[in-house]
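Okay, entry27.pdb now, which holds PDB, C-alpha atoms, pLDDT in the B column:
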```pdb
ATOM      1  CA  MET A 134       0.000   0.000   0.000  1.00 94.00           C
ATOM      2  CA  LEU A 135       2.776   2.448   0.932  1.00 94.00           C
ATOM      3  CA  SER A 136       4.690   1.647  -2.250  1.00 93.00           C
ATOM      4  CA  SER A 137       1.603   2.582  -4.234  1.00 96.00           C
ATOM      5  CA  LEU A 138       0.804   5.643  -2.142  1.00 97.00           C
ATOM      6  CA  ILE A 139       4.173   7.283  -2.757  1.00 97.00           C
ATOM      7  CA  ASN A 140       3.501   7.051  -6.498  1.00 96.00           C
ATOM      8  CA  GLU A 141      -0.005   8.499  -6.396  1.00 96.00           C
ATOM      9  CA  PRO A 142      -0.117  11.687  -8.500  1.00 95.00           C
ATOM     10  CA  GLY A 143      -1.248  15.064  -7.221  1.00 94.00           C
ATOM     11  CA  VAL A 144      -0.559  14.716  -3.499  1.00 95.00           C
ATOM     12  CA  SER A 145       1.116  17.826  -2.071  1.00 94.00           C
ATOM     13  CA  TRP A 146       3.518  15.972   0.189  1.00 96.00           C
ATOM     14  CA  ASP A 147       5.067  19.263   1.246  1.00 95.00           C
ATOM     15  CA  LYS A 148       1.826  19.880   3.176  1.00 94.00           C
ATOM     16  CA  VAL A 149       1.673  16.440   4.779  1.00 95.00           C
ATOM     17  CA  THR A 150       2.695  15.792   8.374  1.00 96.00           C
ATOM     18  CA  VAL A 151       2.839  12.121   9.308  1.00 97.00           C
ATOM     19  CA  PHE A 152       2.505  10.514  12.723  1.00 98.00           C
ATOM     20  CA  HIS A 153       3.920   7.061  13.243  1.00 97.00           C
ATOM     21  CA  LEU A 154       1.352   4.710  14.841  1.00 97.00           C
ATOM     22  CA  ASP A 155       3.349   2.323  16.974  1.00 97.00           C
ATOM     23  CA  GLU A 156       6.753   1.008  17.938  1.00 96.00           C
ATOM     24  CA  TYR A 157       8.236  -1.623  20.233  1.00 96.00           C
ATOM     25  CA  VAL A 158       9.703  -0.497  23.536  1.00 97.00           C
ATOM     26  CA  GLY A 159      13.454  -0.952  23.711  1.00 96.00           C
ATOM     27  CA  LEU A 160      14.004  -1.741  20.043  1.00 95.00           C
ATOM     28  CA  SER A 161      16.735   0.097  18.173  1.00 95.00           C
ATOM     29  CA  GLU A 162      16.075   1.633  14.802  1.00 95.00           C
ATOM     30  CA  THR A 163      18.576  -0.744  13.217  1.00 95.00           C
ATOM     31  CA  HIS A 164      16.598  -3.849  14.255  1.00 95.00           C
ATOM     32  CA  PRO A 165      14.833  -5.495  11.276  1.00 94.00           C
ATOM     33  CA  ALA A 166      11.488  -5.333  13.129  1.00 95.00           C
ATOM     34  CA  SER A 167      11.717  -1.609  13.835  1.00 96.00           C
ATOM     35  CA  PHE A 168       8.735   0.185  12.357  1.00 95.00           C
ATOM     36  CA  ARG A 169      10.804   3.367  12.191  1.00 96.00           C
ATOM     37  CA  LYS A 170      13.249   1.553   9.948  1.00 96.00           C
ATOM     38  CA  TYR A 171      10.399   0.157   7.831  1.00 95.00           C
ATOM     39  CA  LEU A 172       8.659   3.497   7.410  1.00 96.00           C
ATOM     40  CA  LYS A 173      11.848   5.421   6.673  1.00 97.00           C
ATOM     41  CA  GLU A 174      13.043   2.944   4.067  1.00 96.00           C
ATOM     42  CA  ARG A 175       9.705   2.325   2.343  1.00 95.00           C
ATOM     43  CA  PHE A 176       7.981   5.684   2.715  1.00 96.00           C
ATOM     44  CA  ALA A 177       9.648   8.776   4.169  1.00 97.00           C
ATOM     45  CA  ASN A 178      13.002   8.441   2.411  1.00 97.00           C
ATOM     46  CA  LYS A 179      11.193   8.172  -0.913  1.00 97.00           C
ATOM     47  CA  LEU A 180       9.303  11.429  -0.359  1.00 96.00           C
ATOM     48  CA  PRO A 181      11.946  14.154  -0.026  1.00 94.00           C
ATOM     49  CA  ASP A 182       9.267  16.866  -0.080  1.00 96.00           C
ATOM     50  CA  LEU A 183       7.356  15.423   2.888  1.00 97.00           C
ATOM     51  CA  LYS A 184       6.693  18.233   5.366  1.00 97.00           C
ATOM     52  CA  GLN A 185       7.336  16.305   8.577  1.00 97.00           C
ATOM     53  CA  PHE A 186       7.355  12.784  10.025  1.00 97.00           C
ATOM     54  CA  HIS A 187       6.920  12.287  13.762  1.00 97.00           C
ATOM     55  CA  TYR A 188       8.428   8.925  14.626  1.00 97.00           C
ATOM     56  CA  VAL A 189       7.759   6.937  17.786  1.00 97.00           C
ATOM     57  CA  ASN A 190      11.118   6.278  19.428  1.00 96.00           C
ATOM     58  CA  ALA A 191      10.640   3.954  22.388  1.00 95.00           C
ATOM     59  CA  GLU A 192      14.259   2.982  22.897  1.00 95.00           C
ATOM     60  CA  ASP A 193      14.471   4.871  26.189  1.00 94.00           C
ATOM     61  CA  ASP A 194      11.702   5.802  28.645  1.00 97.00           C
ATOM     62  CA  PRO A 195       8.411   5.137  26.813  1.00 97.00           C
ATOM     63  CA  GLN A 196       6.393   7.384  29.136  1.00 98.00           C
ATOM     64  CA  VAL A 197       8.667  10.308  28.309  1.00 98.00           C
ATOM     65  CA  GLU A 198       8.249   9.582  24.599  1.00 98.00           C
ATOM     66  CA  CYS A 199       4.451   9.403  24.962  1.00 98.00           C
ATOM     67  CA  ARG A 200       4.406  12.785  26.680  1.00 98.00           C
ATOM     68  CA  ARG A 201       6.531  14.251  23.880  1.00 98.00           C
ATOM     69  CA  LEU A 202       4.251  12.917  21.145  1.00 98.00           C
ATOM     70  CA  ASN A 203       1.062  13.799  23.015  1.00 98.00           C
ATOM     71  CA  ALA A 204       2.150  17.413  23.291  1.00 97.00           C
ATOM     72  CA  ILE A 205       2.675  17.558  19.534  1.00 97.00           C
ATOM     73  CA  ILE A 206      -0.466  15.782  18.361  1.00 97.00           C
ATOM     74  CA  GLN A 207      -3.024  17.212  20.764  1.00 93.00           C
ATOM     75  CA  GLU A 208      -3.651  20.366  18.730  1.00 87.00           C
ATOM     76  CA  ILE A 209      -3.659  18.654  15.340  1.00 93.00           C
ATOM     77  CA  GLN A 210      -6.616  17.322  13.352  1.00 94.00           C
ATOM     78  CA  ILE A 211      -5.578  14.108  11.656  1.00 96.00           C
ATOM     79  CA  ASP A 212      -7.043  13.830   8.151  1.00 96.00           C
ATOM     80  CA  VAL A 213      -6.272  10.253   7.143  1.00 97.00           C
ATOM     81  CA  VAL A 214      -5.149   7.216   9.096  1.00 98.00           C
ATOM     82  CA  CYS A 215      -3.615   4.337   7.145  1.00 97.00           C
ATOM     83  CA  ILE A 216      -3.883   1.243   9.261  1.00 98.00           C
ATOM     84  CA  GLY A 217      -4.180  -2.547   9.260  1.00 97.00           C
ATOM     85  CA  ILE A 218      -5.741  -5.234  11.429  1.00 97.00           C
ATOM     86  CA  GLY A 219      -3.726  -7.888  13.261  1.00 95.00           C
ATOM     87  CA  GLU A 220      -4.481 -11.596  13.509  1.00 94.00           C
ATOM     88  CA  ASN A 221      -5.823 -10.928  16.994  1.00 94.00           C
ATOM     89  CA  GLY A 222      -8.033  -8.086  15.742  1.00 97.00           C
ATOM     90  CA  HIS A 223      -5.746  -5.348  17.006  1.00 96.00           C
ATOM     91  CA  LEU A 224      -5.523  -1.810  15.637  1.00 97.00           C
ATOM     92  CA  ALA A 225      -2.001  -0.420  15.787  1.00 96.00           C
ATOM     93  CA  PHE A 226      -0.718  -2.183  18.942  1.00 96.00           C
ATOM     94  CA  ASN A 227      -4.019  -1.977  20.813  1.00 97.00           C
ATOM     95  CA  ASP A 228      -4.374  -5.681  21.549  1.00 96.00           C
ATOM     96  CA  PRO A 229      -7.526  -7.146  23.087  1.00 96.00           C
ATOM     97  CA  PRO A 230      -8.949  -6.128  25.456  1.00 96.00           C
ATOM     98  CA  ALA A 231      -8.238  -2.693  24.005  1.00 97.00           C
ATOM     99  CA  ASP A 232      -8.772   0.515  25.917  1.00 97.00           C
ATOM    100  CA  PHE A 233     -11.705   2.160  24.114  1.00 98.00           C
ATOM    101  CA  ASP A 234     -11.945   4.959  26.672  1.00 97.00           C
ATOM    102  CA  THR A 235      -8.599   6.670  27.075  1.00 98.00           C
ATOM    103  CA  GLU A 236      -8.353  10.075  25.431  1.00 96.00           C
ATOM    104  CA  VAL A 237      -4.560  10.030  25.685  1.00 98.00           C
ATOM    105  CA  PRO A 238      -3.230   9.992  22.091  1.00 98.00           C
ATOM    106  CA  PHE A 239      -0.160   7.781  22.615  1.00 98.00           C
ATOM    107  CA  ILE A 240      -0.046   5.106  25.318  1.00 98.00           C
ATOM    108  CA  VAL A 241       2.223   2.330  26.527  1.00 98.00           C
ATOM    109  CA  VAL A 242       0.586  -1.046  25.900  1.00 97.00           C
ATOM    110  CA  THR A 243       1.306  -4.666  26.746  1.00 96.00           C
ATOM    111  CA  LEU A 244       1.414  -6.988  23.749  1.00 95.00           C
ATOM    112  CA  ASP A 245      -0.610 -10.179  24.084  1.00 92.00           C
ATOM    113  CA  GLU A 246       0.699 -13.634  23.240  1.00 93.00           C
ATOM    114  CA  ALA A 247      -1.166 -13.831  19.910  1.00 91.00           C
ATOM    115  CA  CYS A 248       0.328 -10.558  18.751  1.00 91.00           C
ATOM    116  CA  ARG A 249       3.829 -11.562  19.777  1.00 94.00           C
ATOM    117  CA  LYS A 250       3.411 -14.949  18.057  1.00 93.00           C
ATOM    118  CA  GLN A 251       2.360 -13.180  14.856  1.00 90.00           C
ATOM    119  CA  GLN A 252       5.458 -10.969  14.910  1.00 92.00           C
ATOM    120  CA  HIS A 253       7.651 -14.036  15.439  1.00 94.00           C
ATOM    121  CA  SER A 254       5.921 -16.155  12.790  1.00 93.00           C
ATOM    122  CA  GLU A 255       6.256 -13.350  10.251  1.00 92.00           C
ATOM    123  CA  GLY A 256      10.005 -13.636  10.718  1.00 93.00           C
ATOM    124  CA  TRP A 257      10.717 -10.295  12.328  1.00 94.00           C
ATOM    125  CA  PHE A 258      12.290 -11.898  15.425  1.00 95.00           C
ATOM    126  CA  PRO A 259      14.429 -15.063  15.697  1.00 95.00           C
ATOM    127  CA  THR A 260      12.493 -16.442  18.699  1.00 95.00           C
ATOM    128  CA  PHE A 261       9.168 -15.725  20.409  1.00 96.00           C
ATOM    129  CA  GLU A 262      11.061 -14.607  23.507  1.00 96.00           C
ATOM    130  CA  ASP A 263      12.807 -11.915  21.457  1.00 94.00           C
ATOM    131  CA  VAL A 264       9.515 -10.153  20.713  1.00 95.00           C
ATOM    132  CA  PRO A 265       9.178  -7.216  23.116  1.00 95.00           C
ATOM    133  CA  GLU A 266       6.342  -7.342  25.629  1.00 96.00           C
ATOM    134  CA  LYS A 267       5.675  -3.607  25.563  1.00 97.00           C
ATOM    135  CA  ALA A 268       5.076  -1.035  22.874  1.00 97.00           C
ATOM    136  CA  ILE A 269       3.940   2.524  22.363  1.00 98.00           C
ATOM    137  CA  SER A 270       0.749   2.766  20.353  1.00 98.00           C
ATOM    138  CA  MET A 271      -1.558   5.465  19.125  1.00 98.00           C
ATOM    139  CA  SER A 272      -4.711   4.920  21.173  1.00 98.00           C
ATOM    140  CA  ILE A 273      -8.040   3.751  19.773  1.00 98.00           C
ATOM    141  CA  ARG A 274      -9.744   7.100  20.414  1.00 98.00           C
ATOM    142  CA  GLN A 275      -6.934   8.998  18.692  1.00 98.00           C
ATOM    143  CA  ILE A 276      -7.204   6.719  15.646  1.00 98.00           C
ATOM    144  CA  MET A 277     -10.977   7.230  15.566  1.00 98.00           C
ATOM    145  CA  LYS A 278     -10.572  11.028  15.582  1.00 97.00           C
ATOM    146  CA  SER A 279      -9.207  10.909  12.052  1.00 97.00           C
ATOM    147  CA  ILE A 280     -11.585  12.305   9.431  1.00 97.00           C
ATOM    148  CA  CYS A 281     -10.960   9.327   7.153  1.00 97.00           C
ATOM    149  CA  ILE A 282      -9.641   5.845   7.913  1.00 98.00           C
ATOM    150  CA  VAL A 283      -8.103   3.654   5.204  1.00 98.00           C
ATOM    151  CA  CYS A 284      -7.648   0.126   6.509  1.00 98.00           C
ATOM    152  CA  THR A 285      -5.895  -2.544   4.457  1.00 98.00           C
ATOM    153  CA  VAL A 286      -5.854  -6.220   5.403  1.00 98.00           C
ATOM    154  CA  PRO A 287      -4.401  -8.975   3.227  1.00 97.00           C
ATOM    155  CA  ASP A 288      -3.870 -12.723   3.779  1.00 96.00           C
ATOM    156  CA  GLU A 289      -6.152 -15.586   4.708  1.00 96.00           C
ATOM    157  CA  ARG A 290      -4.635 -15.925   8.184  1.00 95.00           C
ATOM    158  CA  LYS A 291      -6.384 -12.680   9.131  1.00 97.00           C
ATOM    159  CA  ALA A 292      -9.793 -13.765   7.810  1.00 98.00           C
ATOM    160  CA  PRO A 293     -11.233 -14.611  11.275  1.00 97.00           C
ATOM    161  CA  ALA A 294     -10.133 -11.226  12.618  1.00 97.00           C
ATOM    162  CA  VAL A 295     -11.744  -9.419   9.692  1.00 98.00           C
ATOM    163  CA  ARG A 296     -14.981 -11.363  10.127  1.00 98.00           C
ATOM    164  CA  GLY A 297     -15.020 -10.432  13.795  1.00 97.00           C
ATOM    165  CA  ALA A 298     -14.310  -6.801  13.038  1.00 98.00           C
ATOM    166  CA  VAL A 299     -16.977  -6.487  10.354  1.00 97.00           C
ATOM    167  CA  GLU A 300     -19.760  -8.881  11.314  1.00 97.00           C
ATOM    168  CA  GLY A 301     -19.508  -9.120  15.088  1.00 93.00           C
ATOM    169  CA  GLY A 302     -20.631  -6.529  17.557  1.00 95.00           C
ATOM    170  CA  ILE A 303     -18.414  -3.677  18.648  1.00 98.00           C
ATOM    171  CA  THR A 304     -16.276  -5.011  21.459  1.00 98.00           C
ATOM    172  CA  ASN A 305     -12.841  -4.319  22.863  1.00 97.00           C
ATOM    173  CA  SER A 306     -12.099  -8.036  22.580  1.00 97.00           C
ATOM    174  CA  VAL A 307     -11.950  -7.362  18.810  1.00 97.00           C
ATOM    175  CA  PRO A 308     -10.409  -3.895  18.780  1.00 98.00           C
ATOM    176  CA  ALA A 309     -10.894  -3.357  15.035  1.00 98.00           C
ATOM    177  CA  SER A 310     -14.668  -3.721  15.478  1.00 98.00           C
ATOM    178  CA  ILE A 311     -14.659  -0.085  16.635  1.00 98.00           C
ATOM    179  CA  LEU A 312     -14.183   0.844  12.975  1.00 98.00           C
ATOM    180  CA  GLN A 313     -17.875   0.016  12.420  1.00 98.00           C
ATOM    181  CA  SER A 314     -18.720   3.220  14.274  1.00 98.00           C
ATOM    182  CA  HIS A 315     -16.503   5.528  12.198  1.00 98.00           C
ATOM    183  CA  ALA A 316     -18.261   7.843   9.740  1.00 97.00           C
ATOM    184  CA  ASP A 317     -15.741   7.456   6.908  1.00 98.00           C
ATOM    185  CA  CYS A 318     -13.895   4.154   7.178  1.00 98.00           C
ATOM    186  CA  HIS A 319     -12.808   2.271   4.060  1.00 98.00           C
ATOM    187  CA  LEU A 320     -11.727  -1.342   4.449  1.00 98.00           C
ATOM    188  CA  PHE A 321      -9.618  -2.803   1.642  1.00 98.00           C
ATOM    189  CA  LEU A 322      -9.288  -6.587   1.541  1.00 98.00           C
ATOM    190  CA  ASP A 323      -7.825  -9.193  -0.767  1.00 98.00           C
ATOM    191  CA  ALA A 324      -9.997 -12.160  -1.715  1.00 97.00           C
ATOM    192  CA  PRO A 325      -8.503 -14.682   0.748  1.00 97.00           C
ATOM    193  CA  VAL A 326      -8.954 -12.431   3.793  1.00 98.00           C
ATOM    194  CA  ALA A 327     -12.557 -11.716   2.768  1.00 97.00           C
ATOM    195  CA  SER A 328     -13.360 -15.419   2.400  1.00 97.00           C
ATOM    196  CA  LEU A 329     -15.180 -15.745   5.733  1.00 97.00           C
ATOM    197  CA  LEU A 330     -17.472 -12.741   5.213  1.00 97.00           C
ATOM    198  CA  SER A 331     -21.103 -13.681   4.708  1.00 94.00           C
ATOM    199  CA  LYS A 332     -21.691 -11.171   1.883  1.00 75.00           C
TER     200      LYS A 332
ATOM    201  CA  MET B 159     -17.840   1.020   6.794  1.00 94.00           C
ATOM    202  CA  GLN B 160     -17.248   0.624   3.066  1.00 97.00           C
ATOM    203  CA  ILE B 161     -15.632  -2.647   2.029  1.00 98.00           C
ATOM    204  CA  ASP B 162     -13.637  -3.108  -1.161  1.00 98.00           C
ATOM    205  CA  VAL B 163     -12.425  -6.617  -2.065  1.00 98.00           C
ATOM    206  CA  SER B 164      -9.627  -7.045  -4.613  1.00 97.00           C
ATOM    207  CA  LYS B 165      -8.473 -10.258  -6.229  1.00 96.00           C
ATOM    208  CA  THR B 166      -4.874  -9.838  -5.125  1.00 97.00           C
ATOM    209  CA  LYS B 167      -2.841  -8.183  -2.397  1.00 96.00           C
ATOM    210  CA  ILE B 168      -1.183  -5.887  -4.930  1.00 96.00           C
ATOM    211  CA  GLU B 169      -4.523  -4.706  -6.320  1.00 97.00           C
ATOM    212  CA  MET B 170      -5.753  -4.191  -2.768  1.00 97.00           C
ATOM    213  CA  GLY B 171      -2.752  -2.002  -1.982  1.00 97.00           C
ATOM    214  CA  ARG B 172      -3.267   0.079  -5.101  1.00 97.00           C
ATOM    215  CA  ALA B 173      -6.955   0.622  -4.346  1.00 98.00           C
ATOM    216  CA  ALA B 174      -6.208   1.630  -0.758  1.00 98.00           C
ATOM    217  CA  ALA B 175      -3.446   4.003  -1.848  1.00 98.00           C
ATOM    218  CA  ARG B 176      -5.780   5.616  -4.365  1.00 98.00           C
ATOM    219  CA  LYS B 177      -8.389   6.180  -1.655  1.00 98.00           C
ATOM    220  CA  ALA B 178      -5.849   7.621   0.801  1.00 98.00           C
ATOM    221  CA  ALA B 179      -4.480   9.990  -1.848  1.00 97.00           C
ATOM    222  CA  GLU B 180      -7.985  11.077  -2.903  1.00 97.00           C
ATOM    223  CA  SER B 181      -8.896  11.783   0.706  1.00 96.00           C
ATOM    224  CA  LEU B 182      -5.752  13.816   1.311  1.00 95.00           C
ATOM    225  CA  LYS B 183      -6.335  15.896  -1.819  1.00 95.00           C
ATOM    226  CA  LEU B 184     -10.006  16.466  -0.997  1.00 94.00           C
ATOM    227  CA  LEU B 185      -9.326  17.503   2.584  1.00 92.00           C
ATOM    228  CA  PHE B 186      -6.539  19.872   1.493  1.00 89.00           C
ATOM    229  CA  MET B 187      -8.895  21.449  -1.030  1.00 88.00           C
ATOM    230  CA  ARG B 188     -11.636  21.943   1.568  1.00 88.00           C
ATOM    231  CA  ARG B 189      -9.154  23.591   3.914  1.00 82.00           C
ATOM    232  CA  ASP B 190      -7.643  25.851   1.258  1.00 80.00           C
ATOM    233  CA  PRO B 191      -9.806  26.025  -1.903  1.00 75.00           C
ATOM    234  CA  ARG B 192      -7.370  28.443  -3.590  1.00 70.00           C
ATOM    235  CA  ALA B 193      -4.459  26.013  -3.415  1.00 61.00           C
TER     236      ALA B 193
END
```
Show this structure as structure tokens.
Amino acid sequence: MLSSLINEPGVSWDKVTVFHLDEYVGLSETHPASFRKYLKERFANKLPDLKQFHYVNAEDDPQVECRRLNAIIQEIQIDVVCIGIGENGHLAFNDPPADFDTEVPFIVVTLDEACRKQQHSEGWFPTFEDVPEKAISMSIRQIMKSICIVCTVPDERKAPAVRGAVEGGITNSVPASILQSHADCHLFLDAPVASLLSK
Amino acid sequence: MQIDVSKTKIEMGRAAARKAAESLKLLFMRRDPRA
């Protein structure tokens, strides 16, 4: 999705400020699983005109980093969130049971076993034990404040999570189900991940 | 929630990118119609 987005014509990137959604606590930017590394290499470095990119750097004290980011984002209206859904139904790193109530924009979260297993099975970490237990994540309420949400979810392994998010009730045990209540949410799926939807 | 299903992951990514870009352009225009 990002590789396509950077090639979309007519976007005034010099007006775009980006906020990073989530990052592992204690992980250096040189680690293969670092989302800062991923986003710099596949997005920001390819857009030299981009106005600004606020990265989440959780290598040191995550509470200090949250306070720094919260001070920046609190006065800003986010236009578009680009997001995915995890195998456990998470949004960003808001694993179930997600906090649907906090108004704090960036929070420190504990990653559940399913999330950590996904990160290991995708090959980002050599062992399950290497996957950090904590992360900084944009909160659910902050994500929902965006005017538009573009959510992309590929792969059959996420089909149960997508079914739960779309066809189940809104519940913090399936964090992505909150998207049902957003006024302008667009969910993009490939055929395998949509295979369990009833219509 | 609007749902768009593509045959492949690549097509899905392109469709999502198109939507994100359209939304950015539209919201910029609403904020500053002269731009």
| Selection near Thr304 (chain A), 12 Å with only C-alpha atoms, sequence-local residues under 2 positions removed, as a ChimeraX atom specification | /A:222-223,228-233,297-302,306-314
| query | Which chain A residues are at most 8 Å from chain B (counting all atoms listed in the file), as a count of residues only? | reply | 31
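CA of Lys250 (chain A) lies 22.0 Å from CA of Ile273 (chain A).
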| task | List the residues matched by the PyMOL selection byres ((chain A and resi 226) around 12) in the displayed structure as number ranges by chain, ordered by chain and then by residue number. | result | A: 153-158, 168, 216-225, 227-232, 239-245, 247-249, 252, 265-273, 276, 308-309
| Interatomic distance between CA of Phe152 (chain A) and CA of His187 (chain A)? |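 According to the coordinates, CA of Phe152 (chain A) and CA of His187 (chain A) are separated by 4.9 Å.
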For Leu183 (chain A), work out the shell of residues within 7 Å, counting all atoms listed in the file and skipping chain neighbours fewer than 3 positions away, then give it as an mmCIF file with C-alpha atoms, in the coordinates of the input.
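So selection_0.cif came out as:
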```cif
data_model
loop_
_atom_site.group_PDB
_atom_site.id
_atom_site.type_symbol
_atom_site.label_atom_id
_atom_site.label_comp_id
_atom_site.auth_asym_id
_atom_site.auth_seq_id
_atom_site.Cartn_x
_atom_site.Cartn_y
_atom_site.Cartn_z
ATOM 1 C CA TRP A 146 3.518 15.972 0.189
ATOM 2 C CA ASP A 147 5.067 19.263 1.246
ATOM 3 C CA VAL A 149 1.673 16.440 4.779
ATOM 4 C CA LEU A 180 9.303 11.429 -0.359
#
```
| task | Please tell me which residues are no farther than 6 Å from (14.7, 4.4, 21.7) in the file, counting only C-alpha atoms, and write them as a PyMOL selection string. | result | chain A and resi 159+161+190-193
| request: Rounded to one decimal place, report the CA of Arg296 (chain A)-CA of Leu330 (chain A) distance in Å. | output: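 According to the coordinates, CA of Arg296 (chain A) and CA of Leu330 (chain A) are separated by 5.7 Å.
Residue nearest Ser167 (chain A) within the list A:Val264, A:Lys179, A:Pro142, A:Thr235: A:Val264 [criterion: smallest interatomic distance, all atoms listed in the file].
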When you get a chance, write out N, CA and C atoms for region 165-188 of chain B, as a short mmCIF file (atom, residue, chain, number, x, y, z; two decimals), keeping the file's coordinate frame.
```cif
data_model
loop_
_atom_site.label_atom_id
_atom_site.label_comp_id
_atom_site.auth_asym_id
_atom_site.auth_seq_id
_atom_site.Cartn_x
_atom_site.Cartn_y
_atom_site.Cartn_z
N LYS B 165 -8.89 -8.87 -6.00
CA LYS B 165 -8.47 -10.26 -6.23
C LYS B 165 -7.13 -10.56 -5.57
N THR B 166 -6.22 -9.59 -5.62
CA THR B 166 -4.87 -9.84 -5.12
C THR B 166 -4.46 -8.77 -4.11
N LYS B 167 -3.39 -9.11 -3.38
CA LYS B 167 -2.84 -8.18 -2.40
C LYS B 167 -2.32 -6.91 -3.06
N ILE B 168 -1.72 -7.06 -4.23
CA ILE B 168 -1.18 -5.89 -4.93
C ILE B 168 -2.31 -4.95 -5.36
N GLU B 169 -3.38 -5.53 -5.91
CA GLU B 169 -4.52 -4.71 -6.32
C GLU B 169 -5.16 -4.03 -5.11
N MET B 170 -5.21 -4.76 -4.00
CA MET B 170 -5.75 -4.19 -2.77
C MET B 170 -4.94 -2.96 -2.33
N GLY B 171 -3.63 -3.10 -2.38
CA GLY B 171 -2.75 -2.00 -1.98
C GLY B 171 -2.93 -0.78 -2.87
N ARG B 172 -3.07 -1.04 -4.16
CA ARG B 172 -3.27 0.08 -5.10
C ARG B 172 -4.59 0.79 -4.83
N ALA B 173 -5.63 0.02 -4.60
CA ALA B 173 -6.96 0.62 -4.35
C ALA B 173 -6.93 1.44 -3.05
N ALA B 174 -6.28 0.91 -2.04
CA ALA B 174 -6.21 1.63 -0.76
C ALA B 174 -5.38 2.91 -0.90
N ALA B 175 -4.29 2.82 -1.64
CA ALA B 175 -3.45 4.00 -1.85
C ALA B 175 -4.21 5.08 -2.60
N ARG B 176 -4.98 4.66 -3.59
CA ARG B 176 -5.78 5.62 -4.36
C ARG B 176 -6.77 6.33 -3.45
N LYS B 177 -7.41 5.59 -2.58
CA LYS B 177 -8.39 6.18 -1.66
C LYS B 177 -7.70 7.14 -0.68
N ALA B 178 -6.56 6.75 -0.14
CA ALA B 178 -5.85 7.62 0.80
C ALA B 178 -5.43 8.91 0.11
N ALA B 179 -4.91 8.80 -1.11
CA ALA B 179 -4.48 9.99 -1.85
C ALA B 179 -5.67 10.89 -2.17
N GLU B 180 -6.78 10.29 -2.60
CA GLU B 180 -7.98 11.08 -2.90
C GLU B 180 -8.46 11.82 -1.66
N SER B 181 -8.44 11.16 -0.54
CA SER B 181 -8.90 11.78 0.71
C SER B 181 -7.99 12.93 1.11
N LEU B 182 -6.69 12.74 0.99
CA LEU B 182 -5.75 13.82 1.31
C LEU B 182 -6.00 15.03 0.42
N LYS B 183 -6.14 14.79 -0.88
CA LYS B 183 -6.34 15.90 -1.82
C LYS B 183 -7.65 16.63 -1.55
N LEU B 184 -8.69 15.87 -1.27
CA LEU B 184 -10.01 16.47 -1.00
C LEU B 184 -9.98 17.30 0.28
N LEU B 185 -9.36 16.78 1.31
CA LEU B 185 -9.33 17.50 2.58
C LEU B 185 -8.44 18.75 2.48
N PHE B 186 -7.37 18.68 1.72
CA PHE B 186 -6.54 19.87 1.49
C PHE B 186 -7.35 20.94 0.76
N MET B 187 -8.12 20.50 -0.23
CA MET B 187 -8.90 21.45 -1.03
C MET B 187 -9.97 22.13 -0.18
N ARG B 188 -10.61 21.36 0.70
CA ARG B 188 -11.64 21.94 1.57
C ARG B 188 -11.02 22.98 2.52
#
```
